[in-house]
Amino acid sequence: MSLWDYANPVKFMRLSGRLLPVASILAGISLAVGLVWGFFFTPDAENFGSTVKVIYVHVPAAMMAINIWVMMLVASLIWLVRRHHVSALAAKAAAPIGAVMTLIALITGAIWGQPMWGTWWAWDPRLTSFLILFLFYLGYMALWPAIENTETAADLTSVLCLVGSVFAVLSRYAVNFWNQGLHQGATLSLDRQQHIANVYWVPLLVCIAGFVLLFVALVLLRTRTEIRLRRLRALEQRERLA
Amino acid sequence: MIALLLRDLRLAVRAGGGFGLGLVFFLIVVTLVPFGVGPEGGVLARIAPGILWLGALLACLLSLDRIFALDQEDGSLDLLATAPIPMEAVVAIKALAHWLTTGLPLTIAAPVLAVLLHLPQGAYGWLVLSLLVGTPALSVLGTFGAALTVGLRRGGLLLSLLVLPLYVPTLIFGAELVRRGAEGRTVEVPLLMLAGITAATIALMPFASAAAIRMNLRQT
């Protein structure tokens, strides 16, 4: 039994049908715990007041925004190399979620920036590259419904995803060069000694786990919808031909 | 291949619209900007590098959908696909023809329009150089966008949505190069980055564009 077996839509439907409720419930629990804990049971930070609590939404959303694009990239590659339809549909299903995550990161960032930096928006490298990432999501999402033939649509969006990835990274560095930043550096990393205090760190981890689980649940749900939609269309077509 | 290049050039020049239109659009954009921001020389001089680059970029965008659409309509794209030259070469030639009919004229016209925007004296050379180095990348990336949308009936708007984010790095380094030139600072870093992007896109993008064209042709 290899991972590739789940490229078969029937097997994928069976497995995802079992996984979906589990992922949804876990996502609900960890989000509820993480957010309530973060919002109501952590102290206000020095210099920041209660605005620090925006990180419980901002940081996980920003992480997901980037990671979802990477997931789409992997799914697109799998489609181009092995032509598994489930993979292409998963990439298609993930795109709107990624776009919403990017938007959440941008909006929560603006809400935080208004009291802290005194402005809703600054042309800071991180903010700008997220805006560009959002544009890439929009372009990707716009290309899918524009092409009638589903295989061609999957092909072309995959190629766009590959090229877009290169240019998203390139834009990140170009933007870095173009303007100096207001945004603080990365708070979380695996290889550094100093982290934020544990009081904030633990609920943040729970929130990140919640966002990941939420994404898994949503992407499973949306992929299942896409598969059913495609089956329905195939049935309709058969009926018309008969 | 040379025959294909000549054919594309001839079509662009004679079919009307494509060749001169980009230049006229560039002129109009540059004319409209002072109406928007006011005729003050200082302000115009400050934003001139960005406006000139943006204008060139938009003018370039205008003619992108013609790269493959006409060939697809009359079926010559299918002939090109079965021709003895590889699709990658066809795409590269198409990009070259597009550059010769839009990028190069824009580069030549830019200094004249820069006068209208009071671009500082020292920056003219850098403006021409940056456009000369940067516009090929615009054409090559545009060819990729055109290849993605070739089968679509109303692909124009989608094409700009797909292509414009890809133009971001080129625009940043191109405009930065002129801005630094205008302020008399060193320009090596943006120049080398711009040249690097152009070289890399010329080398790699034809493969992506050709793949997209093949995918589009496969469905029919």
# chains A, B, ... in the order shown; residues from 1 in each chain; ligands from 1
>>> select_by_dssp(residues="stretch 10-204 of chain B", states="alpha helix (DSSP H)", output="number ranges by chain")
B: 10-14, 18-37, 41-62, 66-73, 76-82, 87-98, 104-116, 124-148, 156-166, 168-183, 188-204
>>> write_last_selection(atoms="C-alpha atoms", output="compact mmCIF listing (two decimals), in the first residue's frame")
# COMPACT_ATOMS: atom_id res chain seq x y z
CA ARG B 10 5.81 42.02 -41.48
CA LEU B 11 2.47 41.10 -39.94
CA ALA B 12 3.06 43.44 -37.02
CA VAL B 13 3.96 46.35 -39.25
CA ARG B 14 1.36 45.86 -41.97
CA GLY B 18 -0.01 46.55 -33.30
CA PHE B 19 3.16 48.38 -34.16
CA GLY B 20 2.39 52.05 -33.65
CA LEU B 21 -0.30 51.57 -31.07
CA GLY B 22 2.04 50.70 -28.23
CA LEU B 23 4.10 53.82 -28.86
CA VAL B 24 1.06 56.05 -29.00
CA PHE B 25 -0.23 54.50 -25.79
CA PHE B 26 3.13 55.20 -24.15
CA LEU B 27 2.91 58.83 -25.28
CA ILE B 28 -0.64 59.14 -23.94
CA VAL B 29 0.25 57.70 -20.54
CA VAL B 30 3.17 60.10 -20.22
CA THR B 31 0.93 62.99 -21.29
CA LEU B 32 -1.79 62.10 -18.83
CA VAL B 33 0.47 61.85 -15.79
CA PRO B 34 1.08 65.62 -15.42
CA PHE B 35 -2.71 66.14 -15.56
CA GLY B 36 -3.00 63.78 -12.65
CA VAL B 37 -0.17 65.01 -10.43
CA GLY B 41 8.83 70.20 -12.52
CA GLY B 42 10.25 68.91 -9.25
CA VAL B 43 7.47 66.40 -8.65
CA LEU B 44 7.55 65.19 -12.23
CA ALA B 45 11.31 64.76 -12.18
CA ARG B 46 11.04 62.68 -9.05
CA ILE B 47 8.42 60.30 -10.39
CA ALA B 48 9.68 60.29 -13.99
CA PRO B 49 11.67 57.00 -13.75
CA GLY B 50 8.69 55.14 -12.36
CA ILE B 51 6.21 56.64 -14.81
CA LEU B 52 8.40 55.92 -17.82
CA TRP B 53 8.89 52.33 -16.72
CA LEU B 54 5.23 51.85 -15.93
CA GLY B 55 4.21 53.35 -19.26
CA ALA B 56 6.60 51.10 -21.14
CA LEU B 57 5.34 48.09 -19.20
CA LEU B 58 1.68 48.83 -19.93
CA ALA B 59 2.39 49.59 -23.58
CA CYS B 60 4.16 46.24 -23.76
CA LEU B 61 1.16 44.54 -22.19
CA LEU B 62 -1.21 45.97 -24.79
CA ARG B 66 -1.77 39.35 -30.47
CA ILE B 67 1.33 37.19 -30.18
CA PHE B 68 -0.47 33.88 -30.59
CA ALA B 69 -4.14 34.74 -30.98
CA LEU B 70 -4.02 35.50 -34.72
CA ASP B 71 -1.96 32.41 -35.43
CA GLN B 72 -4.35 30.31 -33.45
CA GLU B 73 -7.39 31.67 -35.28
CA SER B 76 -0.96 28.57 -38.48
CA LEU B 77 -0.13 27.75 -34.88
CA ASP B 78 -0.94 24.10 -35.60
CA LEU B 79 1.31 24.25 -38.62
CA LEU B 80 4.09 25.73 -36.52
CA ALA B 81 3.63 22.96 -33.97
CA THR B 82 4.19 20.32 -36.65
CA MET B 87 8.13 24.84 -30.22
CA GLU B 88 10.63 26.46 -27.88
CA ALA B 89 12.31 28.11 -30.86
CA VAL B 90 8.97 29.28 -32.24
CA VAL B 91 8.13 30.86 -28.89
CA ALA B 92 11.54 32.49 -28.62
CA ILE B 93 11.20 33.93 -32.13
CA LYS B 94 7.73 35.21 -31.30
CA ALA B 95 9.10 36.93 -28.22
CA LEU B 96 11.93 38.42 -30.25
CA ALA B 97 9.49 39.73 -32.84
CA HIS B 98 7.34 41.19 -30.09
CA LEU B 104 12.84 48.45 -28.98
CA PRO B 105 10.65 51.35 -30.23
CA LEU B 106 9.67 52.10 -26.64
CA THR B 107 13.34 52.21 -25.66
CA ILE B 108 14.11 54.58 -28.49
CA ALA B 109 11.12 56.82 -27.76
CA ALA B 110 11.65 56.91 -23.99
CA PRO B 111 14.32 59.69 -23.90
CA VAL B 112 12.05 61.99 -25.92
CA LEU B 113 9.18 61.44 -23.52
CA ALA B 114 11.58 61.78 -20.59
CA VAL B 115 12.09 65.41 -21.65
CA LEU B 116 8.38 66.00 -21.09
CA TYR B 124 18.98 59.57 -19.83
CA GLY B 125 21.69 57.07 -20.52
CA TRP B 126 20.54 54.89 -17.66
CA LEU B 127 16.93 55.12 -18.81
CA VAL B 128 17.79 53.85 -22.27
CA LEU B 129 20.11 51.21 -20.88
CA SER B 130 17.56 49.97 -18.33
CA LEU B 131 14.81 49.69 -20.94
CA LEU B 132 17.17 48.05 -23.39
CA VAL B 133 18.14 45.46 -20.79
CA GLY B 134 14.73 45.10 -19.16
CA THR B 135 12.16 45.07 -21.96
CA PRO B 136 13.27 41.73 -23.43
CA ALA B 137 12.22 40.15 -20.14
CA LEU B 138 8.82 41.82 -20.48
CA SER B 139 8.36 40.35 -23.96
CA VAL B 140 9.46 36.87 -22.92
CA LEU B 141 7.23 36.84 -19.83
CA GLY B 142 4.38 38.24 -21.90
CA THR B 143 4.80 35.40 -24.37
CA PHE B 144 4.29 33.00 -21.50
CA GLY B 145 1.06 34.78 -20.50
CA ALA B 146 -0.09 34.78 -24.11
CA ALA B 147 0.68 31.07 -24.37
CA LEU B 148 -1.44 30.36 -21.29
CA GLY B 156 -7.12 39.98 -22.62
CA LEU B 157 -8.04 40.92 -19.08
CA LEU B 158 -6.99 37.56 -17.67
CA LEU B 159 -3.70 37.92 -19.51
CA SER B 160 -2.89 41.15 -17.68
CA LEU B 161 -3.87 39.62 -14.35
CA LEU B 162 -1.48 36.72 -15.00
CA VAL B 163 1.41 38.68 -16.45
CA LEU B 164 1.55 41.82 -14.31
CA PRO B 165 2.62 40.05 -11.07
CA LEU B 166 5.42 38.43 -13.06
CA VAL B 168 7.18 43.04 -10.50
CA PRO B 169 10.91 42.21 -10.18
CA THR B 170 11.75 43.68 -13.58
CA LEU B 171 9.85 46.86 -12.79
CA ILE B 172 11.48 47.22 -9.38
CA PHE B 173 15.02 46.86 -10.64
CA GLY B 174 14.42 48.83 -13.83
CA ALA B 175 12.89 51.84 -12.13
CA GLU B 176 15.42 51.66 -9.29
CA LEU B 177 18.24 51.72 -11.82
CA VAL B 178 16.95 54.93 -13.42
CA ARG B 179 16.21 56.49 -10.03
CA ARG B 180 19.73 55.81 -8.83
CA GLY B 181 21.11 57.10 -12.09
CA ALA B 182 19.09 60.30 -11.68
CA GLU B 183 20.46 60.79 -8.18
CA GLU B 188 25.69 48.37 -10.52
CA VAL B 189 23.43 46.28 -8.28
CA PRO B 190 20.09 46.99 -9.99
CA LEU B 191 21.72 46.84 -13.42
CA LEU B 192 23.20 43.43 -12.77
CA MET B 193 19.98 42.15 -11.19
CA LEU B 194 17.95 43.43 -14.14
CA ALA B 195 20.34 41.84 -16.60
CA GLY B 196 20.26 38.63 -14.58
CA ILE B 197 16.47 38.47 -14.63
CA THR B 198 16.39 39.13 -18.35
CA ALA B 199 19.03 36.52 -19.11
CA ALA B 200 17.33 33.92 -16.93
CA THR B 201 13.87 34.54 -18.40
CA ILE B 202 15.22 34.40 -21.96
CA ALA B 203 16.94 31.13 -21.15
CA LEU B 204 14.12 29.42 -19.25
>>> residues_around(residues="stretch 113-115 of chain A", least_positions_apart="6", cutoff="9 Å", atoms="only C-alpha atoms", output="list in words")
Thr51, Trp121 and Ala122 of chain A
>>> interface_residues(of="chain A", to="chain B", cutoff="9 Å", atoms="only C-alpha atoms", output="PyMOL selection string")
chain A and resi 132-133+135-136+138-140+142-143+146-149+151-153+155-157+159-160+163-164+167-168+170-175+177-178
>>> write_last_selection(atoms="N, CA and C atoms", output="tab-separated table (two decimals), in the first residue's frame")
chain	number	residue	atom	x	y	z
A	132	ILE	N	1.81	40.89	-3.19
A	132	ILE	CA	2.14	40.27	-4.48
A	132	ILE	C	1.71	38.81	-4.48
A	133	LEU	N	1.93	38.13	-3.35
A	133	LEU	CA	1.49	36.73	-3.24
A	133	LEU	C	-0.02	36.63	-3.45
A	135	LEU	N	-1.81	38.60	-5.25
A	135	LEU	CA	-2.06	38.77	-6.69
A	135	LEU	C	-1.83	37.45	-7.43
A	136	PHE	N	-0.78	36.73	-7.00
A	136	PHE	CA	-0.51	35.44	-7.65
A	136	PHE	C	-1.65	34.47	-7.41
A	138	LEU	N	-4.74	35.29	-6.93
A	138	LEU	CA	-5.88	35.74	-7.74
A	138	LEU	C	-5.72	35.30	-9.19
A	139	GLY	N	-4.49	35.47	-9.72
A	139	GLY	CA	-4.25	35.07	-11.10
A	139	GLY	C	-4.48	33.58	-11.29
A	140	TYR	N	-3.97	32.79	-10.34
A	140	TYR	CA	-4.14	31.34	-10.41
A	140	TYR	C	-5.61	30.96	-10.38
A	142	ALA	N	-8.09	32.79	-11.20
A	142	ALA	CA	-8.82	33.29	-12.37
A	142	ALA	C	-8.61	32.39	-13.58
A	143	LEU	N	-7.44	31.73	-13.63
A	143	LEU	CA	-7.14	30.91	-14.81
A	143	LEU	C	-7.97	29.62	-14.82
A	146	ALA	N	-11.42	29.80	-16.44
A	146	ALA	CA	-11.41	30.41	-17.77
A	146	ALA	C	-11.28	29.36	-18.87
A	147	ILE	N	-10.70	28.19	-18.52
A	147	ILE	CA	-10.43	27.19	-19.55
A	147	ILE	C	-11.47	26.07	-19.43
A	148	GLU	N	-12.09	25.76	-20.55
A	148	GLU	CA	-13.20	24.80	-20.50
A	148	GLU	C	-12.74	23.37	-20.27
A	149	ASN	N	-11.76	22.96	-21.05
A	149	ASN	CA	-11.28	21.59	-20.93
A	149	ASN	C	-10.57	21.41	-19.58
A	151	GLU	N	-8.68	19.04	-18.27
A	151	GLU	CA	-7.28	18.60	-18.27
A	151	GLU	C	-6.36	19.74	-18.64
A	152	THR	N	-6.75	20.48	-19.68
A	152	THR	CA	-5.92	21.62	-20.08
A	152	THR	C	-5.84	22.63	-18.97
A	153	ALA	N	-6.98	22.86	-18.29
A	153	ALA	CA	-6.98	23.83	-17.19
A	153	ALA	C	-6.00	23.38	-16.11
A	155	ASP	N	-3.39	21.44	-16.50
A	155	ASP	CA	-2.04	21.60	-17.05
A	155	ASP	C	-1.55	23.03	-16.93
A	156	LEU	N	-2.37	23.94	-17.45
A	156	LEU	CA	-1.93	25.33	-17.55
A	156	LEU	C	-1.78	25.96	-16.17
A	157	THR	N	-2.72	25.68	-15.26
A	157	THR	CA	-2.58	26.26	-13.93
A	157	THR	C	-1.36	25.70	-13.22
A	159	VAL	N	1.47	24.83	-14.65
A	159	VAL	CA	2.65	25.55	-15.17
A	159	VAL	C	2.69	26.95	-14.57
A	160	LEU	N	1.51	27.58	-14.49
A	160	LEU	CA	1.47	28.93	-13.90
A	160	LEU	C	1.95	28.89	-12.46
A	163	VAL	N	5.83	28.62	-12.45
A	163	VAL	CA	6.46	29.89	-12.82
A	163	VAL	C	6.19	30.94	-11.75
A	164	GLY	N	4.94	30.94	-11.25
A	164	GLY	CA	4.57	31.90	-10.22
A	164	GLY	C	5.42	31.74	-8.96
A	167	PHE	N	8.68	33.39	-9.42
A	167	PHE	CA	8.59	34.85	-9.42
A	167	PHE	C	8.14	35.41	-8.08
A	168	ALA	N	7.39	34.62	-7.32
A	168	ALA	CA	7.00	35.09	-5.99
A	168	ALA	C	8.24	35.20	-5.11
A	170	LEU	N	11.34	35.52	-6.23
A	170	LEU	CA	12.15	36.59	-6.81
A	170	LEU	C	11.63	37.96	-6.37
A	171	SER	N	10.30	38.11	-6.37
A	171	SER	CA	9.71	39.39	-5.97
A	171	SER	C	10.03	39.67	-4.51
A	172	ARG	N	10.02	38.62	-3.70
A	172	ARG	CA	10.33	38.79	-2.28
A	172	ARG	C	11.67	39.47	-2.12
A	173	TYR	N	12.69	38.98	-2.88
A	173	TYR	CA	14.02	39.55	-2.73
A	173	TYR	C	14.13	40.90	-3.41
A	174	ALA	N	13.44	41.05	-4.53
A	174	ALA	CA	13.46	42.34	-5.21
A	174	ALA	C	12.87	43.42	-4.31
A	175	VAL	N	11.77	43.07	-3.63
A	175	VAL	CA	11.10	44.02	-2.77
A	175	VAL	C	11.97	44.36	-1.57
A	177	PHE	N	15.08	44.56	-1.58
A	177	PHE	CA	16.10	45.48	-2.07
A	177	PHE	C	15.52	46.88	-2.25
A	178	TRP	N	14.23	46.91	-2.56
A	178	TRP	CA	13.58	48.16	-2.99
A	178	TRP	C	13.25	49.07	-1.82
>>> atom_distance(atom1="atom CA of B:Leu100", atom2="atom CA of B:Leu119")
25.1 Å
>>> residues_around(residues="A:Val199", least_positions_apart="6", cutoff="12 Å", atoms="only C-alpha atoms", output="list in words")
Gly34, Trp37, Gly38, Phe39, Phe41, Thr42, Pro43, Asp44, Ala45, Lys53 and Leu205 of chain A
>>> atom_distance(atom1="atom CA of B:Trp99", atom2="atom CA of B:Ile85")
20.6 Å
>>> residues_around(residues="A:Val81", least_positions_apart="5", cutoff="12 Å", atoms="only C-alpha atoms", output="PDB file with N, CA and C atoms, in the first residue's frame")
ATOM      1  N   VAL A  74       3.596  21.588  -4.885  1.00  0.00           N
ATOM      2  CA  VAL A  74       3.856  20.143  -4.857  1.00  0.00           C
ATOM      3  C   VAL A  74       2.748  19.400  -5.603  1.00  0.00           C
ATOM      4  N   ALA A  75       1.499  19.793  -5.342  1.00  0.00           N
ATOM      5  CA  ALA A  75       0.378  19.124  -6.006  1.00  0.00           C
ATOM      6  C   ALA A  75       0.452  19.320  -7.518  1.00  0.00           C
ATOM      7  N   SER A  76       0.846  20.520  -7.954  1.00  0.00           N
ATOM      8  CA  SER A  76       0.960  20.789  -9.384  1.00  0.00           C
ATOM      9  C   SER A  76       2.047  19.924 -10.003  1.00  0.00           C
ATOM     10  N   SER A  87      -4.688  15.121  -7.373  1.00  0.00           N
ATOM     11  CA  SER A  87      -3.651  16.091  -7.057  1.00  0.00           C
ATOM     12  C   SER A  87      -3.978  17.457  -7.650  1.00  0.00           C
ATOM     13  N   ALA A  88      -4.390  17.449  -8.930  1.00  0.00           N
ATOM     14  CA  ALA A  88      -4.735  18.718  -9.574  1.00  0.00           C
ATOM     15  C   ALA A  88      -5.918  19.371  -8.876  1.00  0.00           C
ATOM     16  N   ASP A 155      -3.389  21.443 -16.503  1.00  0.00           N
ATOM     17  CA  ASP A 155      -2.036  21.597 -17.052  1.00  0.00           C
ATOM     18  C   ASP A 155      -1.553  23.031 -16.927  1.00  0.00           C
ATOM     19  N   SER A 158      -1.029  24.428 -13.493  1.00  0.00           N
ATOM     20  CA  SER A 158       0.168  23.859 -12.874  1.00  0.00           C
ATOM     21  C   SER A 158       1.413  24.597 -13.342  1.00  0.00           C
ATOM     22  N   VAL A 159       1.475  24.826 -14.653  1.00  0.00           N
ATOM     23  CA  VAL A 159       2.647  25.548 -15.169  1.00  0.00           C
ATOM     24  C   VAL A 159       2.694  26.952 -14.575  1.00  0.00           C
TER      25      VAL A 159
END
>>> atom_distance(atom1="atom CA of A:Ile29", atom2="atom CA of A:Val216")
14.2 Å
>>> residues_around(residues="A:Ala95", least_positions_apart="2", cutoff="12 Å", atoms="only C-alpha atoms", output="MDAnalysis selection string")
chainID A and resid 64:73 75:76 88:93 97:102 133:144 157:158 161 215 218:219 222:223
>>> residues_around(residues="A:Val59", least_positions_apart="5", cutoff="9 Å", atoms="only C-alpha atoms", output="list of chain:residue names")
A:Val54, A:Met64, A:Ala105, A:Leu204, A:Ile208
>>> write_last_selection(atoms="N, CA and C atoms", output="compact mmCIF listing (two decimals), in the first residue's frame")
# COMPACT_ATOMS: atom_id res chain seq x y z
N VAL A 54 -3.13 40.00 18.49
CA VAL A 54 -3.43 39.77 17.08
C VAL A 54 -2.54 38.66 16.51
N MET A 64 0.30 29.95 6.96
CA MET A 64 -0.49 29.13 6.06
C MET A 64 -0.49 29.71 4.65
N ALA A 105 -4.02 37.61 6.83
CA ALA A 105 -2.73 38.10 7.34
C ALA A 105 -2.58 39.58 7.07
N LEU A 204 0.10 30.12 20.99
CA LEU A 204 0.35 30.37 19.57
C LEU A 204 0.54 29.06 18.83
N ILE A 208 -1.54 27.69 15.70
CA ILE A 208 -0.95 27.27 14.43
C ILE A 208 -1.45 25.88 14.07
>>> closest_residue(among="A:Pro203, A:Ile104, A:Ala94, A:Arg224", to="A:Lys11", atoms="only C-alpha atoms")
A:Arg224
>>> residues_around(residues="A:Gly109", least_positions_apart="6", cutoff="12 Å", atoms="only C-alpha atoms", output="PyMOL selection string")
chain A and resi 51-62+101-103+115-117+119-122+124+126-128+130-131+182-184
>>> write_last_selection(atoms="C-alpha atoms", output="compact mmCIF listing (two decimals), in the first residue's frame")
# COMPACT_ATOMS: atom_id res chain seq x y z
CA THR A 51 -2.59 44.53 20.52
CA VAL A 52 -0.10 41.70 20.90
CA LYS A 53 -3.01 39.29 20.78
CA VAL A 54 -3.43 39.77 17.08
CA ILE A 55 -0.51 37.37 16.64
CA TYR A 56 -2.79 34.43 17.39
CA VAL A 57 -4.50 35.01 14.08
CA HIS A 58 -1.86 36.91 12.16
CA VAL A 59 1.09 34.56 12.50
CA PRO A 60 -0.76 31.29 11.72
CA ALA A 61 -2.56 32.90 8.78
CA ALA A 62 0.69 34.25 7.36
CA MET A 101 -5.29 33.27 4.51
CA THR A 102 -3.18 35.92 2.74
CA LEU A 103 -6.01 38.39 3.08
CA PRO A 115 -2.02 51.58 16.68
CA MET A 116 1.59 50.39 16.58
CA TRP A 117 3.11 51.98 13.50
CA THR A 119 -0.50 53.56 9.75
CA TRP A 120 -2.72 50.92 8.22
CA TRP A 121 -0.33 50.20 5.45
CA ALA A 122 3.34 50.72 4.78
CA ASP A 124 7.35 47.37 3.83
CA ARG A 126 6.99 41.79 3.99
CA LEU A 127 3.68 43.55 3.49
CA THR A 128 4.42 44.19 -0.16
CA PHE A 130 2.29 39.38 0.73
CA LEU A 131 0.27 41.67 -1.48
CA LEU A 182 9.16 48.33 9.41
CA HIS A 183 8.09 44.78 10.08
CA GLN A 184 9.96 42.92 12.78
